[in-house]
Amino acid sequence: MQAYLLEFGNFMLRWLHVIAAIAWIGESIYFVMLDNGLKTPKDENCRQKGVFGEMWAVHGGGFYHNQKYATSPEKLPDDLHWSFWKSYTTWLSGFALFIILYMVNPGFYLVNPNSNWEWAANLAGWEANILALAFLLLGWVVYNEMCKRISPNMERDGLLSIGVAVMMIVVAYLSTQMFSGRAAFLLTGAVMATAMSANVFFWIIPGQRRMVKAMKAGATPNPLDGKRGKQRSVHNTYFTLPVVLLMISNHYSFAYTYEHAWVLMTLFIFAGALIRQYFVLMHAGKIQPIYPIAGVVLILIAFWVAMPAQISNQSGAQAAEKGPDITEIGAVIEQRCVACHSQTPTQPGFSAPPAGFAYDEIEQIIKQQESIKRVVASNYMPLGNMTNMTEEERALIEEWKE
């Protein structure tokens with residue numbers, strides 16, 4: 001019952017997380033498009049009232065007229081729309097998922113037994129949990145301090161962007177050394193997602209509240225509040241595509257099982273940012289295809305460097321002709337797969353065999369021969385190679401003929 005409750009909770013939280021993320025990212029992308037697509041008002045009365053830019057749009061059978069004020073409107077409405085709960089809901093539901101999926105069994109899902117750092121390979125479960133939380137917290141602290149120190153008045157945002165890019169390379173490398181493959185990708189994305197939500201909580205919304213309070217009091221808002229909010233909002237929009245990619249990466253083992261997975265993460269992060277840059281400029285009326293082309297080139301490089309080498313057959317001509325005995329195959333699957341793929345899984349978090357595939361009996365294994373060979377050859381299974389299947393065992397399954 002405990003495993004079932006965890007699985008059902010995971011299901012519902014993931015649904016909530018995806019819905020909130022779609023709403024938050026969609027709204028963020030919309031407002032960046034709106035901000036960059038504004039045109040100087042042609043109406044003199046609008047300009048005299050402080051309207052900085054406007055956009056006319058048609059959608060869903062209606063026409064919309066958006067206006068942005070350079071300073072403040074003559075009067076603020078009582079029902080002013082705020083955008084923050086989507087951000088908070090996305091982060092909170094994502095963190096809850098991380099607790100259920102990773103922190104409940106950290107020795108299995110977080111610890112990297114193959115780490116080049118001996119202390120990381122020998123972490124206890126509770127130590128891995130603390131390290132993961134510290135990783136998220138320090139990621140935000142370092143990013144936030146960089147923003148405050150490198151470009152406090154938004155006059156050196158170009159240099160700040162370089163600094164953030166270097167930071168993400170370091171984060172990607174450290175995560176792969178400290179944590180298991182899937183967790184490393186997830187935590188790298190979570191560092192960026194935490195920065196995004198913290199930008200909303202600590203900078204964007206407080207600055208907007210100060211601006212509204214000043215306007216209602218008849219005072220002039222501090223222009224730095226608007227500039228800081230814009231700076232962090234711009235960072236958030238460049239984080240969106242890399243974060244989404246890193247969050248779905250745990251479904252694709254070629255990425256997180258690659259020996260230098262941090263290189264793949266870096267390529268994917270930069271590719272996402274470059275592709276996002278194209279759309280940001282496009283909304284401002286500047287079409288520069290060099291950005292998506294560069295992004296696609298980085299993705300192709302990632303595809304090339306992660307391409308698996310052909311496993312050589314070391315079992316001799318006779319074994320190649322006949323293939324391994326089914327008892328050998330069964331022994332490997334018993335050791336590496338049955339903890340999850342069983343009618344009564346022993347792996348924590350599973351109340352039923354994944355995808356309905358149970359390998360308790362030899363007949364069940366034979367029935368799923370093709371699917372087993374496919375997922376093992378692609379390194380998709382075992383997930384994150386958490387049961388430490390060897391290359392020799394993978395080659396054995398690849399040679400399995402009948």
# chains A, B, ... in the order shown; residues from 1 in each chain; ligands from 1
call {"tool": "residues_around", "arguments": {"residues": "Gly226 of chain A", "least_positions_apart": "4", "cutoff": "8 Å", "atoms": "only C-alpha atoms", "output": "short mmCIF file (atom, residue, chain, number, x, y, z; two decimals) with C-alpha atoms, in the first residue's frame"}}
result
data_model
loop_
_atom_site.label_atom_id
_atom_site.label_comp_id
_atom_site.auth_asym_id
_atom_site.auth_seq_id
_atom_site.Cartn_x
_atom_site.Cartn_y
_atom_site.Cartn_z
CA GLY A 207 10.11 45.23 -6.95
CA GLN A 208 6.68 45.38 -8.55
CA MET A 211 6.46 50.29 -7.62
CA ASN A 222 12.43 53.70 -8.22
CA LYS A 230 13.47 43.09 -16.33
#
call {"tool": "residues_around", "arguments": {"residues": "Asn105 of chain A", "least_positions_apart": "3", "cutoff": "12 Å", "atoms": "only C-alpha atoms", "output": "VMD selection string"}}
result
chain A and resid 6 98 to 102 108 to 111 124 to 129 347 to 350
call {"tool": "closest_residue", "arguments": {"among": "A:Val18, A:Leu80, A:Met389, A:Ala96", "to": "Arg336 of chain A", "atoms": "only C-alpha atoms"}}
result
A:Met389
call {"tool": "closest_atom_pairs", "arguments": {"of": "segment 249-365 of chain A", "to": "segment 169-188 of chain A", "cutoff": "12 Å", "atoms": "only C-alpha atoms", "output": "JSON lines"}}
result
{"residue": "A:Ser249", "atom": "CA", "partner": "A:Phe185", "partner_atom": "CA", "distance": 6.9}
{"residue": "A:Asn250", "atom": "CA", "partner": "A:Arg182", "partner_atom": "CA", "distance": 5.2}
{"residue": "A:His251", "atom": "CA", "partner": "A:Arg182", "partner_atom": "CA", "distance": 8.7}
{"residue": "A:Tyr252", "atom": "CA", "partner": "A:Arg182", "partner_atom": "CA", "distance": 9.1}
{"residue": "A:Ser253", "atom": "CA", "partner": "A:Arg182", "partner_atom": "CA", "distance": 8.1}
{"residue": "A:Phe254", "atom": "CA", "partner": "A:Gly181", "partner_atom": "CA", "distance": 10.2}
{"residue": "A:Ala255", "atom": "CA", "partner": "A:Gly181", "partner_atom": "CA", "distance": 8.4}
{"residue": "A:Tyr256", "atom": "CA", "partner": "A:Gly181", "partner_atom": "CA", "distance": 4.6}
{"residue": "A:Thr257", "atom": "CA", "partner": "A:Gly181", "partner_atom": "CA", "distance": 6.1}
{"residue": "A:Tyr258", "atom": "CA", "partner": "A:Gly181", "partner_atom": "CA", "distance": 8.5}
{"residue": "A:Glu259", "atom": "CA", "partner": "A:Thr176", "partner_atom": "CA", "distance": 9.4}
{"residue": "A:His260", "atom": "CA", "partner": "A:Thr176", "partner_atom": "CA", "distance": 8.3}
{"residue": "A:Ala261", "atom": "CA", "partner": "A:Thr176", "partner_atom": "CA", "distance": 6.8}
{"residue": "A:Trp262", "atom": "CA", "partner": "A:Tyr173", "partner_atom": "CA", "distance": 5.0}
{"residue": "A:Val263", "atom": "CA", "partner": "A:Tyr173", "partner_atom": "CA", "distance": 7.7}
{"residue": "A:Leu264", "atom": "CA", "partner": "A:Ala172", "partner_atom": "CA", "distance": 9.0}
{"residue": "A:Met265", "atom": "CA", "partner": "A:Ala172", "partner_atom": "CA", "distance": 6.3}
{"residue": "A:Thr266", "atom": "CA", "partner": "A:Ile169", "partner_atom": "CA", "distance": 5.8}
{"residue": "A:Leu267", "atom": "CA", "partner": "A:Ile169", "partner_atom": "CA", "distance": 9.3}
{"residue": "A:Phe268", "atom": "CA", "partner": "A:Ala172", "partner_atom": "CA", "distance": 10.8}
{"residue": "A:Ile269", "atom": "CA", "partner": "A:Ile169", "partner_atom": "CA", "distance": 9.0}
{"residue": "A:Phe270", "atom": "CA", "partner": "A:Ile169", "partner_atom": "CA", "distance": 9.7}
call {"tool": "residues_around", "arguments": {"residues": "Gly295 of chain A", "least_positions_apart": "3", "cutoff": "9 Å", "atoms": "only C-alpha atoms", "output": "mmCIF file with N, CA and C atoms, in the first residue's frame"}}
result
data_model
loop_
_atom_site.group_PDB
_atom_site.id
_atom_site.type_symbol
_atom_site.label_atom_id
_atom_site.label_comp_id
_atom_site.auth_asym_id
_atom_site.auth_seq_id
_atom_site.Cartn_x
_atom_site.Cartn_y
_atom_site.Cartn_z
ATOM 1 N N LEU A 267 26.231 21.347 -23.837
ATOM 2 C CA LEU A 267 25.807 21.552 -25.221
ATOM 3 C C LEU A 267 24.304 21.801 -25.306
ATOM 4 N N PHE A 268 23.530 21.030 -24.553
ATOM 5 C CA PHE A 268 22.077 21.197 -24.574
ATOM 6 C C PHE A 268 21.663 22.560 -23.989
ATOM 7 N N PHE A 270 23.396 25.398 -23.882
ATOM 8 C CA PHE A 270 23.725 26.472 -24.814
ATOM 9 C C PHE A 270 22.838 26.427 -26.057
ATOM 10 N N ALA A 271 22.519 25.211 -26.521
ATOM 11 C CA ALA A 271 21.639 25.083 -27.690
ATOM 12 C C ALA A 271 20.268 25.681 -27.393
ATOM 13 N N GLY A 272 19.713 25.361 -26.216
ATOM 14 C CA GLY A 272 18.419 25.906 -25.836
ATOM 15 C C GLY A 272 18.430 27.417 -25.739
ATOM 16 N N ALA A 273 19.499 27.971 -25.151
ATOM 17 C CA ALA A 273 19.600 29.424 -25.009
ATOM 18 C C ALA A 273 19.711 30.107 -26.370
ATOM 19 N N LEU A 274 20.467 29.507 -27.287
ATOM 20 C CA LEU A 274 20.625 30.088 -28.625
ATOM 21 C C LEU A 274 19.307 30.065 -29.401
ATOM 22 N N ILE A 275 18.583 28.958 -29.308
ATOM 23 C CA ILE A 275 17.293 28.871 -29.993
ATOM 24 C C ILE A 275 16.306 29.876 -29.403
ATOM 25 N N ILE A 290 21.240 32.718 -37.647
ATOM 26 C CA ILE A 290 22.499 32.169 -37.137
ATOM 27 C C ILE A 290 22.297 31.517 -35.774
ATOM 28 N N TYR A 291 21.353 32.026 -34.980
ATOM 29 C CA TYR A 291 21.151 31.479 -33.633
ATOM 30 C C TYR A 291 20.543 30.080 -33.650
ATOM 31 N N PRO A 292 19.431 29.836 -34.353
ATOM 32 C CA PRO A 292 18.930 28.462 -34.381
ATOM 33 C C PRO A 292 19.879 27.511 -35.106
ATOM 34 N N LEU A 298 25.035 22.534 -32.215
ATOM 35 C CA LEU A 298 25.406 22.018 -30.887
ATOM 36 C C LEU A 298 24.667 20.719 -30.580
ATOM 37 N N ILE A 299 23.403 20.636 -30.975
ATOM 38 C CA ILE A 299 22.640 19.401 -30.761
ATOM 39 C C ILE A 299 23.236 18.261 -31.578
ATOM 40 N N LEU A 300 23.644 18.537 -32.809
ATOM 41 C CA LEU A 300 24.258 17.509 -33.655
ATOM 42 C C LEU A 300 25.600 17.057 -33.072
#
call {"tool": "residues_around", "arguments": {"residues": "segment 57-67 of chain A", "least_positions_apart": "4", "cutoff": "12 Å", "atoms": "only C-alpha atoms", "output": "ChimeraX atom specification"}}
result
/A:31,33-35,37-41,43,46-47,49-53,72-73
call {"tool": "write_last_selection", "arguments": {"atoms": "N, CA and C atoms", "output": "PDB file, in the first residue's frame"}}
result
ATOM      1  N   PHE A  31       4.906  37.375 -22.391  1.00  0.00           N
ATOM      2  CA  PHE A  31       5.252  38.740 -21.984  1.00  0.00           C
ATOM      3  C   PHE A  31       6.578  39.206 -22.601  1.00  0.00           C
ATOM      4  N   MET A  33       7.546  38.264 -25.596  1.00  0.00           N
ATOM      5  CA  MET A  33       7.104  38.588 -26.945  1.00  0.00           C
ATOM      6  C   MET A  33       6.404  39.949 -26.972  1.00  0.00           C
ATOM      7  N   LEU A  34       5.524  40.183 -25.991  1.00  0.00           N
ATOM      8  CA  LEU A  34       4.795  41.447 -25.922  1.00  0.00           C
ATOM      9  C   LEU A  34       5.749  42.620 -25.735  1.00  0.00           C
ATOM     10  N   ASP A  35       6.697  42.464 -24.803  1.00  0.00           N
ATOM     11  CA  ASP A  35       7.633  43.540 -24.504  1.00  0.00           C
ATOM     12  C   ASP A  35       8.486  43.891 -25.725  1.00  0.00           C
ATOM     13  N   GLY A  37       7.724  43.280 -28.834  1.00  0.00           N
ATOM     14  CA  GLY A  37       6.923  43.624 -30.006  1.00  0.00           C
ATOM     15  C   GLY A  37       6.216  44.961 -29.907  1.00  0.00           C
ATOM     16  N   LEU A  38       6.448  45.702 -28.848  1.00  0.00           N
ATOM     17  CA  LEU A  38       5.778  46.994 -28.680  1.00  0.00           C
ATOM     18  C   LEU A  38       6.245  48.019 -29.714  1.00  0.00           C
ATOM     19  N   LYS A  39       5.309  48.821 -30.182  1.00  0.00           N
ATOM     20  CA  LYS A  39       5.600  49.894 -31.128  1.00  0.00           C
ATOM     21  C   LYS A  39       5.259  51.241 -30.475  1.00  0.00           C
ATOM     22  N   THR A  40       5.969  52.280 -30.874  1.00  0.00           N
ATOM     23  CA  THR A  40       5.683  53.615 -30.349  1.00  0.00           C
ATOM     24  C   THR A  40       4.265  54.022 -30.735  1.00  0.00           C
ATOM     25  N   PRO A  41       3.447  54.485 -29.797  1.00  0.00           N
ATOM     26  CA  PRO A  41       2.060  54.857 -30.112  1.00  0.00           C
ATOM     27  C   PRO A  41       2.005  56.003 -31.126  1.00  0.00           C
ATOM     28  N   ASP A  43      -0.804  57.702 -31.540  1.00  0.00           N
ATOM     29  CA  ASP A  43      -1.713  58.681 -30.947  1.00  0.00           C
ATOM     30  C   ASP A  43      -0.948  59.583 -29.982  1.00  0.00           C
ATOM     31  N   CYS A  46      -1.910  59.308 -26.270  1.00  0.00           N
ATOM     32  CA  CYS A  46      -1.330  58.159 -25.565  1.00  0.00           C
ATOM     33  C   CYS A  46       0.075  58.467 -25.087  1.00  0.00           C
ATOM     34  N   ARG A  47       0.857  59.111 -25.951  1.00  0.00           N
ATOM     35  CA  ARG A  47       2.243  59.426 -25.563  1.00  0.00           C
ATOM     36  C   ARG A  47       2.266  60.426 -24.416  1.00  0.00           C
ATOM     37  N   LYS A  49       0.114  60.664 -22.102  1.00  0.00           N
ATOM     38  CA  LYS A  49      -0.289  59.967 -20.878  1.00  0.00           C
ATOM     39  C   LYS A  49       0.784  59.016 -20.360  1.00  0.00           C
ATOM     40  N   GLY A  50       1.916  58.948 -21.061  1.00  0.00           N
ATOM     41  CA  GLY A  50       3.030  58.113 -20.596  1.00  0.00           C
ATOM     42  C   GLY A  50       3.096  56.737 -21.207  1.00  0.00           C
ATOM     43  N   VAL A  51       2.297  56.483 -22.263  1.00  0.00           N
ATOM     44  CA  VAL A  51       2.344  55.178 -22.909  1.00  0.00           C
ATOM     45  C   VAL A  51       3.647  55.062 -23.692  1.00  0.00           C
ATOM     46  N   PHE A  52       4.462  54.096 -23.334  1.00  0.00           N
ATOM     47  CA  PHE A  52       5.774  53.890 -23.953  1.00  0.00           C
ATOM     48  C   PHE A  52       5.659  53.103 -25.263  1.00  0.00           C
ATOM     49  N   GLY A  53       4.791  52.093 -25.261  1.00  0.00           N
ATOM     50  CA  GLY A  53       4.635  51.267 -26.451  1.00  0.00           C
ATOM     51  C   GLY A  53       3.290  50.577 -26.445  1.00  0.00           C
ATOM     52  N   SER A  72       4.321  55.474 -15.017  1.00  0.00           N
ATOM     53  CA  SER A  72       3.132  54.955 -14.345  1.00  0.00           C
ATOM     54  C   SER A  72       1.892  55.554 -14.985  1.00  0.00           C
ATOM     55  N   PRO A  73       0.803  54.818 -15.005  1.00  0.00           N
ATOM     56  CA  PRO A  73      -0.448  55.367 -15.540  1.00  0.00           C
ATOM     57  C   PRO A  73      -1.033  56.388 -14.582  1.00  0.00           C
TER      58      PRO A  73
END
call {"tool": "residues_around", "arguments": {"residues": "Leu281 of chain A", "least_positions_apart": "3", "cutoff": "10 Å", "atoms": "only C-alpha atoms", "output": "list of chain:residue names"}}
result
A:Met33, A:Asn36, A:Gly37, A:Arg276, A:Gln277, A:Tyr278, A:Ala284, A:Gly285, A:Lys286, A:Ile287, A:Gln288, A:Tyr291
call {"tool": "select_by_dssp", "arguments": {"residues": "segment 175-368 of chain A", "states": "alpha helix (DSSP H)", "output": "PyMOL selection string"}}
result
chain A and resi 175-178+181-199+205-216+223-248+253-256+261-283+290-305+316-322+326-336+362-367
call {"tool": "closest_residue", "arguments": {"among": "A:Trp203, A:Thr344, A:Asn112, A:Gly158", "to": "Met386 of chain A", "atoms": "only C-alpha atoms"}}
result
A:Asn112
